[in-house]
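Engineer: For reference, the file protein10.txt (compact mmCIF, C-alpha atoms (C1' of nucleotides)) is included below:
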```
# COMPACT_ATOMS: atom_id res chain seq x y z
CA MET A 223 0.00 0.00 0.00
CA LEU A 224 1.49 3.32 -1.07
CA ARG A 225 1.08 6.14 1.40
CA GLY A 226 2.68 9.29 2.69
CA LEU A 227 3.71 12.73 1.54
CA ASN A 228 7.18 13.47 0.16
CA GLU A 229 8.62 16.83 -0.80
CA LEU A 230 11.02 16.28 -3.65
CA SER A 231 12.74 18.22 -6.39
CA LEU A 232 13.13 17.39 -10.03
CA ASP A 233 16.66 17.57 -11.36
CA SER A 234 17.74 19.56 -14.39
CA LYS A 235 16.57 16.84 -16.76
CA GLY A 236 13.15 16.50 -15.24
CA ARG A 237 13.89 13.30 -13.36
CA LEU A 238 12.18 12.39 -10.11
CA ALA A 239 14.07 10.38 -7.50
CA VAL A 240 11.67 7.92 -5.91
CA PRO A 241 12.20 7.88 -2.12
CA THR A 242 14.19 4.84 -1.08
CA ARG A 243 11.59 3.34 1.18
CA TYR A 244 9.30 2.69 -1.81
CA ARG A 245 11.96 1.24 -4.06
CA GLU A 246 12.14 -2.27 -2.74
CA THR A 247 8.36 -2.57 -2.86
CA LEU A 248 8.25 -1.30 -6.40
CA GLU A 249 11.07 -3.53 -7.57
CA ARG A 250 9.31 -6.54 -6.17
CA HIS A 251 5.85 -5.56 -7.31
CA CYS A 252 6.49 -4.36 -10.86
CA ASP A 253 10.21 -4.67 -11.48
CA GLY A 254 10.48 -0.89 -11.56
CA ARG A 255 8.10 -0.55 -14.47
CA MET A 256 5.71 2.34 -13.93
CA VAL A 257 3.14 4.33 -15.90
CA VAL A 258 2.60 8.08 -15.59
CA THR A 259 -0.53 9.77 -16.75
CA VAL A 260 -2.59 12.88 -16.00
CA ASP A 261 -5.48 13.64 -13.72
CA ARG A 262 -8.32 16.10 -14.08
CA ASP A 263 -6.97 18.07 -11.16
CA ARG A 264 -3.80 18.96 -13.06
CA CYS A 265 -1.56 16.56 -11.25
CA LEU A 266 0.12 13.41 -12.51
CA LEU A 267 -0.69 9.84 -11.54
CA LEU A 268 2.07 7.28 -11.18
CA TYR A 269 1.02 3.62 -11.27
CA PRO A 270 2.95 0.39 -11.04
CA LEU A 271 2.51 -1.14 -14.53
CA PRO A 272 0.28 -4.08 -13.55
CA ASP A 273 -2.10 -1.84 -11.59
CA TRP A 274 -2.32 0.53 -14.49
CA GLU A 275 -3.07 -2.25 -16.93
CA GLU A 276 -6.04 -3.28 -14.87
CA ILE A 277 -7.47 0.21 -15.07
CA GLU A 278 -6.71 0.41 -18.75
CA ARG A 279 -8.66 -2.76 -19.39
CA LYS A 280 -11.70 -1.18 -17.81
CA LEU A 281 -11.26 2.04 -19.77
CA VAL A 282 -11.00 0.53 -23.23
CA LYS A 283 -14.22 -1.36 -22.71
CA LEU A 284 -16.23 1.82 -22.25
CA PRO A 285 -18.66 2.66 -25.07
CA SER A 286 -16.92 4.61 -27.87
CA TYR A 287 -19.74 7.02 -28.55
CA ASN A 288 -20.31 8.23 -25.04
CA GLU A 289 -18.91 11.71 -24.63
CA SER A 290 -17.59 11.47 -21.11
CA ALA A 291 -16.17 8.02 -21.69
CA ARG A 292 -14.15 9.30 -24.62
CA ARG A 293 -12.93 12.23 -22.66
CA LEU A 294 -11.66 9.93 -19.97
CA GLN A 295 -10.00 7.63 -22.47
CA ARG A 296 -8.28 10.49 -24.20
CA LEU A 297 -7.05 11.98 -20.98
CA LEU A 298 -5.99 8.84 -19.20
CA ILE A 299 -4.90 6.41 -21.91
CA GLY A 300 -3.91 9.25 -24.19
CA HIS A 301 -1.35 10.56 -21.74
CA ALA A 302 -0.22 7.27 -20.22
CA THR A 303 3.49 6.77 -20.66
CA GLU A 304 5.49 3.81 -19.48
CA CYS A 305 8.73 4.65 -17.76
CA GLU A 306 11.21 2.63 -15.81
CA LEU A 307 13.23 3.34 -12.72
CA ASP A 308 16.83 3.95 -13.81
CA GLY A 309 19.88 2.59 -12.04
CA SER A 310 19.63 5.33 -9.42
CA GLY A 311 15.94 4.82 -8.71
CA ARG A 312 14.76 7.78 -10.75
CA ILE A 313 12.06 8.10 -13.36
CA LEU A 314 12.11 10.55 -16.24
CA LEU A 315 8.85 12.46 -16.48
CA PRO A 316 7.96 13.16 -20.12
CA PRO A 317 8.14 16.88 -20.90
CA PRO A 318 4.52 17.15 -22.10
CA LEU A 319 3.28 15.73 -18.81
CA ARG A 320 5.59 17.90 -16.76
CA GLU A 321 4.17 20.87 -18.58
CA PHE A 322 0.61 19.69 -18.06
CA ALA A 323 0.99 19.66 -14.31
CA SER A 324 3.19 22.79 -14.24
CA LEU A 325 6.01 20.89 -12.58
CA GLU A 326 9.11 22.99 -12.22
CA LYS A 327 11.47 22.06 -9.45
CA SER A 328 9.61 21.60 -6.17
CA VAL A 329 7.06 18.81 -6.34
CA VAL A 330 5.10 16.71 -3.89
CA LEU A 331 4.75 12.95 -4.20
CA ILE A 332 1.70 11.55 -2.46
CA GLY A 333 0.99 7.89 -1.85
CA GLN A 334 -2.61 7.02 -2.75
CA GLY A 335 -3.00 3.32 -2.14
CA ASN A 336 -2.43 1.74 -5.54
CA LYS A 337 -0.73 4.79 -7.04
CA PHE A 338 1.14 8.02 -6.40
CA GLU A 339 0.06 11.52 -7.23
CA ILE A 340 2.65 14.09 -8.26
CA TRP A 341 1.81 17.74 -7.67
CA ASP A 342 3.58 21.00 -8.17
CA ALA A 343 4.40 22.01 -4.60
CA THR A 344 2.68 25.39 -4.76
CA THR A 345 -0.44 23.99 -6.40
CA TRP A 346 -0.62 21.29 -3.77
CA ASN A 347 -0.49 23.70 -0.89
CA THR A 348 -3.12 25.96 -2.38
CA GLN A 349 -5.43 23.03 -3.05
CA ARG A 350 -5.04 21.62 0.40
CA THR A 351 -6.02 24.92 1.95
CA ASP A 352 -9.10 25.02 -0.27
CA TRP A 353 -10.09 21.49 0.65
CA LEU A 354 -9.88 22.24 4.32
CA ALA A 355 -11.98 25.33 3.89
CA ALA A 356 -14.56 23.51 1.78
CA GLY A 357 -14.97 20.71 4.26
CA ALA A 358 -18.18 18.81 3.74
CA ALA A 359 -19.95 22.08 3.04
CA ASP A 360 -21.06 21.19 -0.44
CA GLY A 361 -23.39 18.37 0.64
CA ALA A 362 -24.51 15.80 -1.88
CA LEU A 363 -22.38 13.01 -0.54
CA PRO A 364 -22.54 9.72 -2.38
CA PRO A 365 -24.06 6.91 -0.31
CA GLU A 366 -20.70 5.26 0.21
CA LEU A 367 -19.53 8.40 1.98
CA GLU A 368 -22.68 8.98 4.03
CA SER A 369 -22.06 5.83 5.94
CA LEU A 370 -18.32 6.09 6.20
CA SER A 371 -16.91 5.81 9.66
CA LEU A 372 -13.28 6.81 10.22
CA MET B 235 -1.74 -1.72 -25.96
CA LEU B 236 -1.15 1.65 -27.60
CA ARG B 237 -0.92 4.53 -25.18
CA GLY B 238 0.73 7.87 -24.59
CA LEU B 239 1.05 11.32 -26.05
CA ASN B 240 3.65 12.27 -28.66
CA GLU B 241 4.31 15.73 -30.00
CA LEU B 242 5.49 15.30 -33.58
CA SER B 243 5.89 17.30 -36.73
CA LEU B 244 5.01 16.33 -40.25
CA ASP B 245 7.88 16.78 -42.66
CA SER B 246 7.66 18.76 -45.89
CA LYS B 247 6.07 15.82 -47.66
CA GLY B 248 3.35 15.26 -45.11
CA ARG B 249 4.96 12.22 -43.58
CA LEU B 250 4.61 11.29 -39.94
CA ALA B 251 7.49 9.54 -38.17
CA VAL B 252 6.07 6.93 -35.83
CA PRO B 253 7.95 7.07 -32.51
CA THR B 254 10.42 4.22 -32.22
CA ARG B 255 8.92 2.68 -29.14
CA TYR B 256 5.84 1.67 -31.14
CA ARG B 257 7.63 0.38 -34.20
CA GLU B 258 8.63 -3.05 -33.02
CA THR B 259 5.11 -3.69 -31.78
CA LEU B 260 3.61 -2.58 -35.07
CA GLU B 261 6.05 -4.57 -37.19
CA ARG B 262 5.21 -7.69 -35.23
CA HIS B 263 1.50 -7.08 -35.04
CA CYS B 264 0.68 -5.95 -38.57
CA ASP B 265 3.94 -5.93 -40.49
CA GLY B 266 3.77 -2.14 -40.69
CA ARG B 267 0.48 -2.15 -42.55
CA MET B 268 -1.85 0.53 -41.20
CA VAL B 269 -5.14 2.18 -42.07
CA VAL B 270 -5.90 5.88 -41.59
CA THR B 271 -9.40 7.24 -41.49
CA VAL B 272 -11.32 10.14 -40.00
CA ASP B 273 -13.16 10.69 -36.75
CA ARG B 274 -16.21 12.77 -35.90
CA ASP B 275 -14.05 15.01 -33.74
CA ARG B 276 -11.96 16.17 -36.70
CA CYS B 277 -8.97 14.06 -35.93
CA LEU B 278 -7.56 11.06 -37.80
CA LEU B 279 -7.60 7.47 -36.60
CA LEU B 280 -4.66 5.20 -37.30
CA TYR B 281 -5.30 1.46 -36.98
CA PRO B 282 -3.10 -1.56 -37.46
CA LEU B 283 -4.63 -3.28 -40.51
CA PRO B 284 -6.02 -6.37 -38.75
CA ASP B 285 -7.71 -4.28 -36.05
CA TRP B 286 -9.24 -2.04 -38.69
CA GLU B 287 -10.58 -5.00 -40.61
CA GLU B 288 -12.39 -6.20 -37.54
CA ILE B 289 -14.04 -2.82 -37.10
CA GLU B 290 -14.89 -2.71 -40.76
CA ARG B 291 -16.64 -6.06 -40.54
CA LYS B 292 -18.82 -4.70 -37.76
CA LEU B 293 -19.55 -1.53 -39.69
CA VAL B 294 -20.72 -3.19 -42.91
CA LYS B 295 -23.15 -5.33 -40.93
CA LEU B 296 -24.98 -2.30 -39.55
CA PRO B 297 -28.55 -1.82 -40.83
CA SER B 298 -28.48 0.09 -44.14
CA TYR B 299 -31.58 2.15 -43.47
CA ASN B 300 -30.49 3.58 -40.19
CA GLU B 301 -29.39 7.17 -40.62
CA SER B 302 -26.59 7.25 -38.12
CA ALA B 303 -25.30 3.88 -39.26
CA ARG B 304 -24.95 5.17 -42.82
CA ARG B 305 -23.25 8.29 -41.58
CA LEU B 306 -20.74 6.21 -39.71
CA GLN B 307 -20.10 3.96 -42.68
CA ARG B 308 -19.56 6.87 -45.03
CA LEU B 309 -17.22 8.63 -42.65
CA LEU B 310 -15.20 5.69 -41.50
CA ILE B 311 -15.10 3.26 -44.39
CA GLY B 312 -15.35 6.07 -46.91
CA HIS B 313 -12.13 7.70 -45.75
CA ALA B 314 -10.18 4.62 -44.80
CA THR B 315 -6.84 4.50 -46.60
CA GLU B 316 -4.23 1.81 -46.26
CA CYS B 317 -0.67 3.00 -45.84
CA GLU B 318 2.55 1.31 -44.90
CA LEU B 319 5.48 2.26 -42.70
CA ASP B 320 8.44 3.12 -44.95
CA GLY B 321 12.03 2.08 -44.30
CA SER B 322 12.46 4.90 -41.77
CA GLY B 323 9.29 4.12 -39.86
CA ARG B 324 7.23 6.89 -41.39
CA ILE B 325 3.76 6.89 -42.88
CA LEU B 326 2.54 9.23 -45.59
CA LEU B 327 -0.79 10.80 -44.65
CA PRO B 328 -3.04 11.27 -47.71
CA PRO B 329 -3.53 14.99 -48.47
CA PRO B 330 -7.35 14.87 -48.26
CA LEU B 331 -7.19 13.44 -44.77
CA ARG B 332 -4.51 15.87 -43.73
CA GLU B 333 -6.78 18.64 -44.87
CA PHE B 334 -9.79 17.15 -43.10
CA ALA B 335 -8.05 17.30 -39.76
CA SER B 336 -6.30 20.61 -40.49
CA LEU B 337 -2.90 19.05 -40.02
CA GLU B 338 -0.11 21.46 -40.80
CA LYS B 339 3.20 20.88 -39.14
CA SER B 340 2.72 20.39 -35.42
CA VAL B 341 0.60 17.35 -34.66
CA VAL B 342 -0.08 15.16 -31.67
CA LEU B 343 -0.18 11.38 -31.82
CA ILE B 344 -2.26 9.79 -29.06
CA GLY B 345 -2.35 6.11 -28.20
CA GLN B 346 -5.90 4.87 -27.63
CA GLY B 347 -5.66 1.17 -26.92
CA ASN B 348 -6.15 -0.49 -30.29
CA LYS B 349 -5.51 2.64 -32.36
CA PHE B 350 -3.85 6.05 -32.50
CA GLU B 351 -5.52 9.40 -32.88
CA ILE B 352 -3.74 12.14 -34.81
CA TRP B 353 -4.63 15.72 -33.93
CA ASP B 354 -3.52 19.12 -35.04
CA ALA B 355 -1.52 20.31 -32.02
CA THR B 356 -3.50 23.48 -31.47
CA THR B 357 -6.86 21.74 -31.83
CA TRP B 358 -5.77 19.10 -29.36
CA ASN B 359 -4.76 21.60 -26.73
CA THR B 360 -7.97 23.56 -27.07
CA GLN B 361 -10.07 20.42 -26.79
CA ARG B 362 -8.17 19.15 -23.81
CA THR B 363 -8.73 22.36 -21.91
CA ASP B 364 -12.45 22.08 -22.64
CA TRP B 365 -12.58 18.48 -21.47
CA LEU B 366 -10.90 19.30 -18.22
CA ALA B 367 -13.27 22.17 -17.59
CA ALA B 368 -16.31 20.09 -18.46
CA GLY B 369 -15.37 17.31 -16.11
CA ALA B 370 -18.25 14.99 -15.45
CA ALA B 371 -20.52 17.98 -15.22
CA ASP B 372 -22.82 17.02 -18.06
CA GLY B 373 -24.22 13.92 -16.37
CA ALA B 374 -25.29 10.99 -18.48
CA LEU B 375 -22.52 8.77 -17.28
CA PRO B 376 -22.71 5.19 -18.43
CA PRO B 377 -23.10 2.82 -15.49
CA GLU B 378 -19.61 1.48 -16.04
CA LEU B 379 -18.31 4.95 -15.32
CA GLU B 380 -20.40 5.69 -12.27
CA SER B 381 -18.63 3.04 -10.32
CA LEU B 382 -15.20 3.37 -11.86
CA SER B 383 -12.40 3.60 -9.36
CA LEU B 384 -9.00 4.67 -10.63
C1' DT C 231 33.08 11.48 17.25
C1' DG C 232 34.85 9.41 13.24
C1' DA C 233 34.46 6.36 9.54
C1' DA C 234 31.86 3.78 6.36
C1' DT C 235 27.85 3.05 3.82
C1' DT C 236 23.86 4.61 1.71
C1' DT C 237 21.37 8.14 -0.74
C1' DG C 238 20.88 12.30 -3.64
C1' DT C 239 22.55 15.02 -7.54
C1' DG C 240 24.78 16.28 -11.52
C1' DG C 241 27.06 15.76 -15.77
C1' DG C 242 29.52 13.38 -19.83
C1' DT C 243 29.55 10.09 -23.57
C1' DA C 244 27.95 6.86 -26.84
C1' DA C 245 24.20 5.14 -29.20
C1' DA C 246 19.82 5.70 -31.20
C1' DT C 247 16.55 8.70 -33.28
C1' DG C 248 14.48 12.44 -36.02
C1' DT C 249 14.91 15.37 -40.07
C1' DG C 250 15.90 16.74 -44.44
C1' DG C 251 17.47 16.23 -48.96
C1' DA C 252 18.97 13.58 -53.13
C1' DT C 253 18.27 10.04 -56.36
C1' DA C 254 15.65 6.43 -58.49
C1' DA C 255 11.28 4.52 -59.83
C1' DT C 256 6.68 4.93 -61.33
C1' DT C 257 2.67 6.83 -63.07
C1' DG C 258 0.11 9.88 -65.88
C1' DT C 259 -0.20 12.74 -69.97
C1' DG C 260 0.50 14.78 -74.41
C1' DC D 208 6.14 6.33 -77.20
C1' DA D 209 8.59 10.02 -74.85
C1' DC D 210 8.60 13.37 -71.47
C1' DA D 211 7.20 15.46 -67.22
C1' DA D 212 5.54 15.36 -62.76
C1' DT D 213 4.81 13.01 -58.83
C1' DT D 214 5.86 9.43 -55.58
C1' DA D 215 8.78 6.24 -53.17
C1' DT D 216 13.22 4.71 -51.32
C1' DC D 217 17.52 5.59 -49.56
C1' DC D 218 21.24 7.88 -47.27
C1' DA D 219 23.72 11.33 -44.31
C1' DC D 220 23.86 14.63 -40.83
C1' DA D 221 22.36 16.96 -36.49
C1' DT D 222 20.03 16.38 -32.47
C1' DT D 223 18.32 14.16 -28.68
C1' DT D 224 17.98 10.63 -25.43
C1' DA D 225 19.42 7.01 -22.39
C1' DC D 226 22.88 5.02 -19.82
C1' DC D 227 26.65 5.17 -16.87
C1' DC D 228 29.91 7.00 -13.69
C1' DA D 229 31.68 10.21 -10.28
C1' DC D 230 31.11 13.28 -6.56
C1' DA D 231 28.61 15.43 -2.57
C1' DA D 232 25.59 15.03 1.23
C1' DA D 233 23.42 12.73 4.75
C1' DT D 234 22.80 8.96 7.75
C1' DT D 235 24.15 5.01 10.44
C1' DC D 236 27.01 2.21 13.11
C1' DA D 237 31.03 1.34 15.68
```
Go ahead and render the structure in this file as structure tokens.

Structural biologist:
Amino acid sequence: MLRGLNELSLDSKGRLAVPTRYRETLERHCDGRMVVTVDRDRCLLLYPLPDWEEIERKLVKLPSYNESARRLQRLLIGHATECELDGSGRILLPPPLREFASLEKSVVLIGQGNKFEIWDATTWNTQRTDWLAAGAADGALPPELESLSL
Amino acid sequence: MLRGLNELSLDSKGRLAVPTRYRETLERHCDGRMVVTVDRDRCLLLYPLPDWEEIERKLVKLPSYNESARRLQRLLIGHATECELDGSGRILLPPPLREFASLEKSVVLIGQGNKFEIWDATTWNTQRTDWLAAGAADGALPPELESLSL
DNA sequence: TGAATTTGTGGGTAAATGTGGATAATTGTG
DNA sequence: CACAATTATCCACATTTACCCACAAATTCA
């Protein structure tokens, strides 16, 4: 299970050094093979290859002439790029994706169970403040949430 | 599985250089034989020949006196053009199709599972911004999507 | 506290790739 | 049938990318 927040910086070539504590897990789980793609919230998603493939299988089965299904396919599959951990445990983030998420130097890597999210540090902080402010104010919780007990 | 975003440029002869990482797959899968056709969203679709043939079989079986079926047949089958990877891994896009999708120099090649989409770079970026803004706002999600967990 | 090992960072080099142009083949036309 | 125009194939150069190595920093253990 991937969890935790890590403040990192990209090097001059746009590479991201995966924190050591995740490396062994990743090597075992997917042999260092990962997939990066984008998220609607302007961050990147980083999946171990097998986990990504499972999602991909679901996505390609969606009906081709449904508008929102196509949008999802184009965003997620359309941006998905396989990349491998190099000898020093780094992954090279493709320039178009870096640009998409406005990643410069300071980024935040967030464990999210089966995947990581990668945010521009400033964007992340702003968002987090907003989320806290919003709280549960905007009602309309899905049933799964209504009954959630933490 | 074809995935990922590639920023490319057509050369002076309207040829598109397929990124190397896909070439081996394509050579194995369809011996470099591809089919280009058009899409309702003003982009081009690029299929490996065998995958296209499967789609084509489904299309010709559609009922002839259904309006939208005929439209689909005319668009898809009507514009489908076979073209082969040349010695340098490039395909020549037929001028009428290039014109259809307003392809000039900067284009984007998007993996979409069994096919690629080819977009004019500017059009792609505009669309993507719209998609992100729209989100799932416009309801009408297929049931498969309602419960999708990424 | 010091030394040794592990981790983070940067850069250099060699190979692979993209790009353009030149020549050869083919097709269409007068 | 010959010529012209277009299309296809090939080759060479410039650029980029990936891989590898070396150093600096931090951490751990003695």

Engineer: Output as JSON lines one row per residue of chain C within 10 Å of chain A: the closest atom pair and its distance in Å to one decimal place, counting only C-alpha atoms (C1' of nucleotides), sorted by chain and residue number ascending.

Structural biologist:
```
{"residue": "C:DT237", "atom": "C1'", "partner": "A:Thr242", "partner_atom": "CA", "distance": 7.9}
{"residue": "C:DG238", "atom": "C1'", "partner": "A:Ala239", "partner_atom": "CA", "distance": 8.1}
{"residue": "C:DT239", "atom": "C1'", "partner": "A:Asp233", "partner_atom": "CA", "distance": 7.5}
{"residue": "C:DG240", "atom": "C1'", "partner": "A:Asp233", "partner_atom": "CA", "distance": 8.2}
```

Engineer: Between CA of Ala343 (chain A) and CA of Val257 (chain A), what distance in Å does the model show, to one decimal?

Structural biologist: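 Rounded to one decimal, the two atoms are 21.0 Å apart.
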
Engineer: Neighbours of DT257 (chain C) within 12 Å (all atoms listed in the file; same-chain residues fewer than 6 positions away dropped), as a ChimeraX atom specification?

Structural biologist: /D:211-215

Engineer: Next, write the just-selected residues to a file, as a PDB file, in the coordinates of the input, keeping C-alpha atoms (C1' of nucleotides) as the atom set.

Structural biologist:
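The resulting part.pdb:
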```
ATOM      1  C1'  DA D 211       7.200  15.460 -67.220  1.00  0.00           C
ATOM      2  C1'  DA D 212       5.540  15.360 -62.760  1.00  0.00           C
ATOM      3  C1'  DT D 213       4.810  13.010 -58.830  1.00  0.00           C
ATOM      4  C1'  DT D 214       5.860   9.430 -55.580  1.00  0.00           C
ATOM      5  C1'  DA D 215       8.780   6.240 -53.170  1.00  0.00           C
TER       6       DA D 215
END
```

Engineer: For chain B, list the residues within 6 Å of chain A, counting all atoms listed in the file, and write the list as a PyMOL selection string.

Structural biologist: chain B and resi 237-239+344-346+366

Engineer: How would the residues just picked look written out with C-alpha atoms as a short mmCIF file (atom, residue, chain, number, x, y, z; two decimals), in the coordinates of the input?

Structural biologist:
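Dumped to part_16.cif:
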```cif
data_model
loop_
_atom_site.label_atom_id
_atom_site.label_comp_id
_atom_site.auth_asym_id
_atom_site.auth_seq_id
_atom_site.Cartn_x
_atom_site.Cartn_y
_atom_site.Cartn_z
CA ARG B 237 -0.92 4.53 -25.18
CA GLY B 238 0.73 7.87 -24.59
CA LEU B 239 1.05 11.32 -26.05
CA ILE B 344 -2.26 9.79 -29.06
CA GLY B 345 -2.35 6.11 -28.20
CA GLN B 346 -5.90 4.87 -27.63
CA LEU B 366 -10.90 19.30 -18.22
#
```

Engineer: Fewer than 2 positions away in the same chain doesn't count, so skip those; otherwise give me all residues within 12 Å of Gly309 (chain A), counting all atoms listed in the file, as a list in words.

Structural biologist: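 Near Gly309 (chain A), the qualifying residues are Ala239, Val240, Arg245, Glu249, Gly254, Glu306, Leu307, Gly311, Arg312, Ile313 and Leu314 of chain A; DA225, DC226, DC227 and DC228 of chain D.
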
Engineer: Can you measure CA of Met256 (chain A) to CA of Pro272 (chain A) for me? One decimal in Å is fine.

Structural biologist: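 Taking CA of Met256 (chain A) as the start and CA of Pro272 (chain A) as the end point, the length is 8.4 Å.
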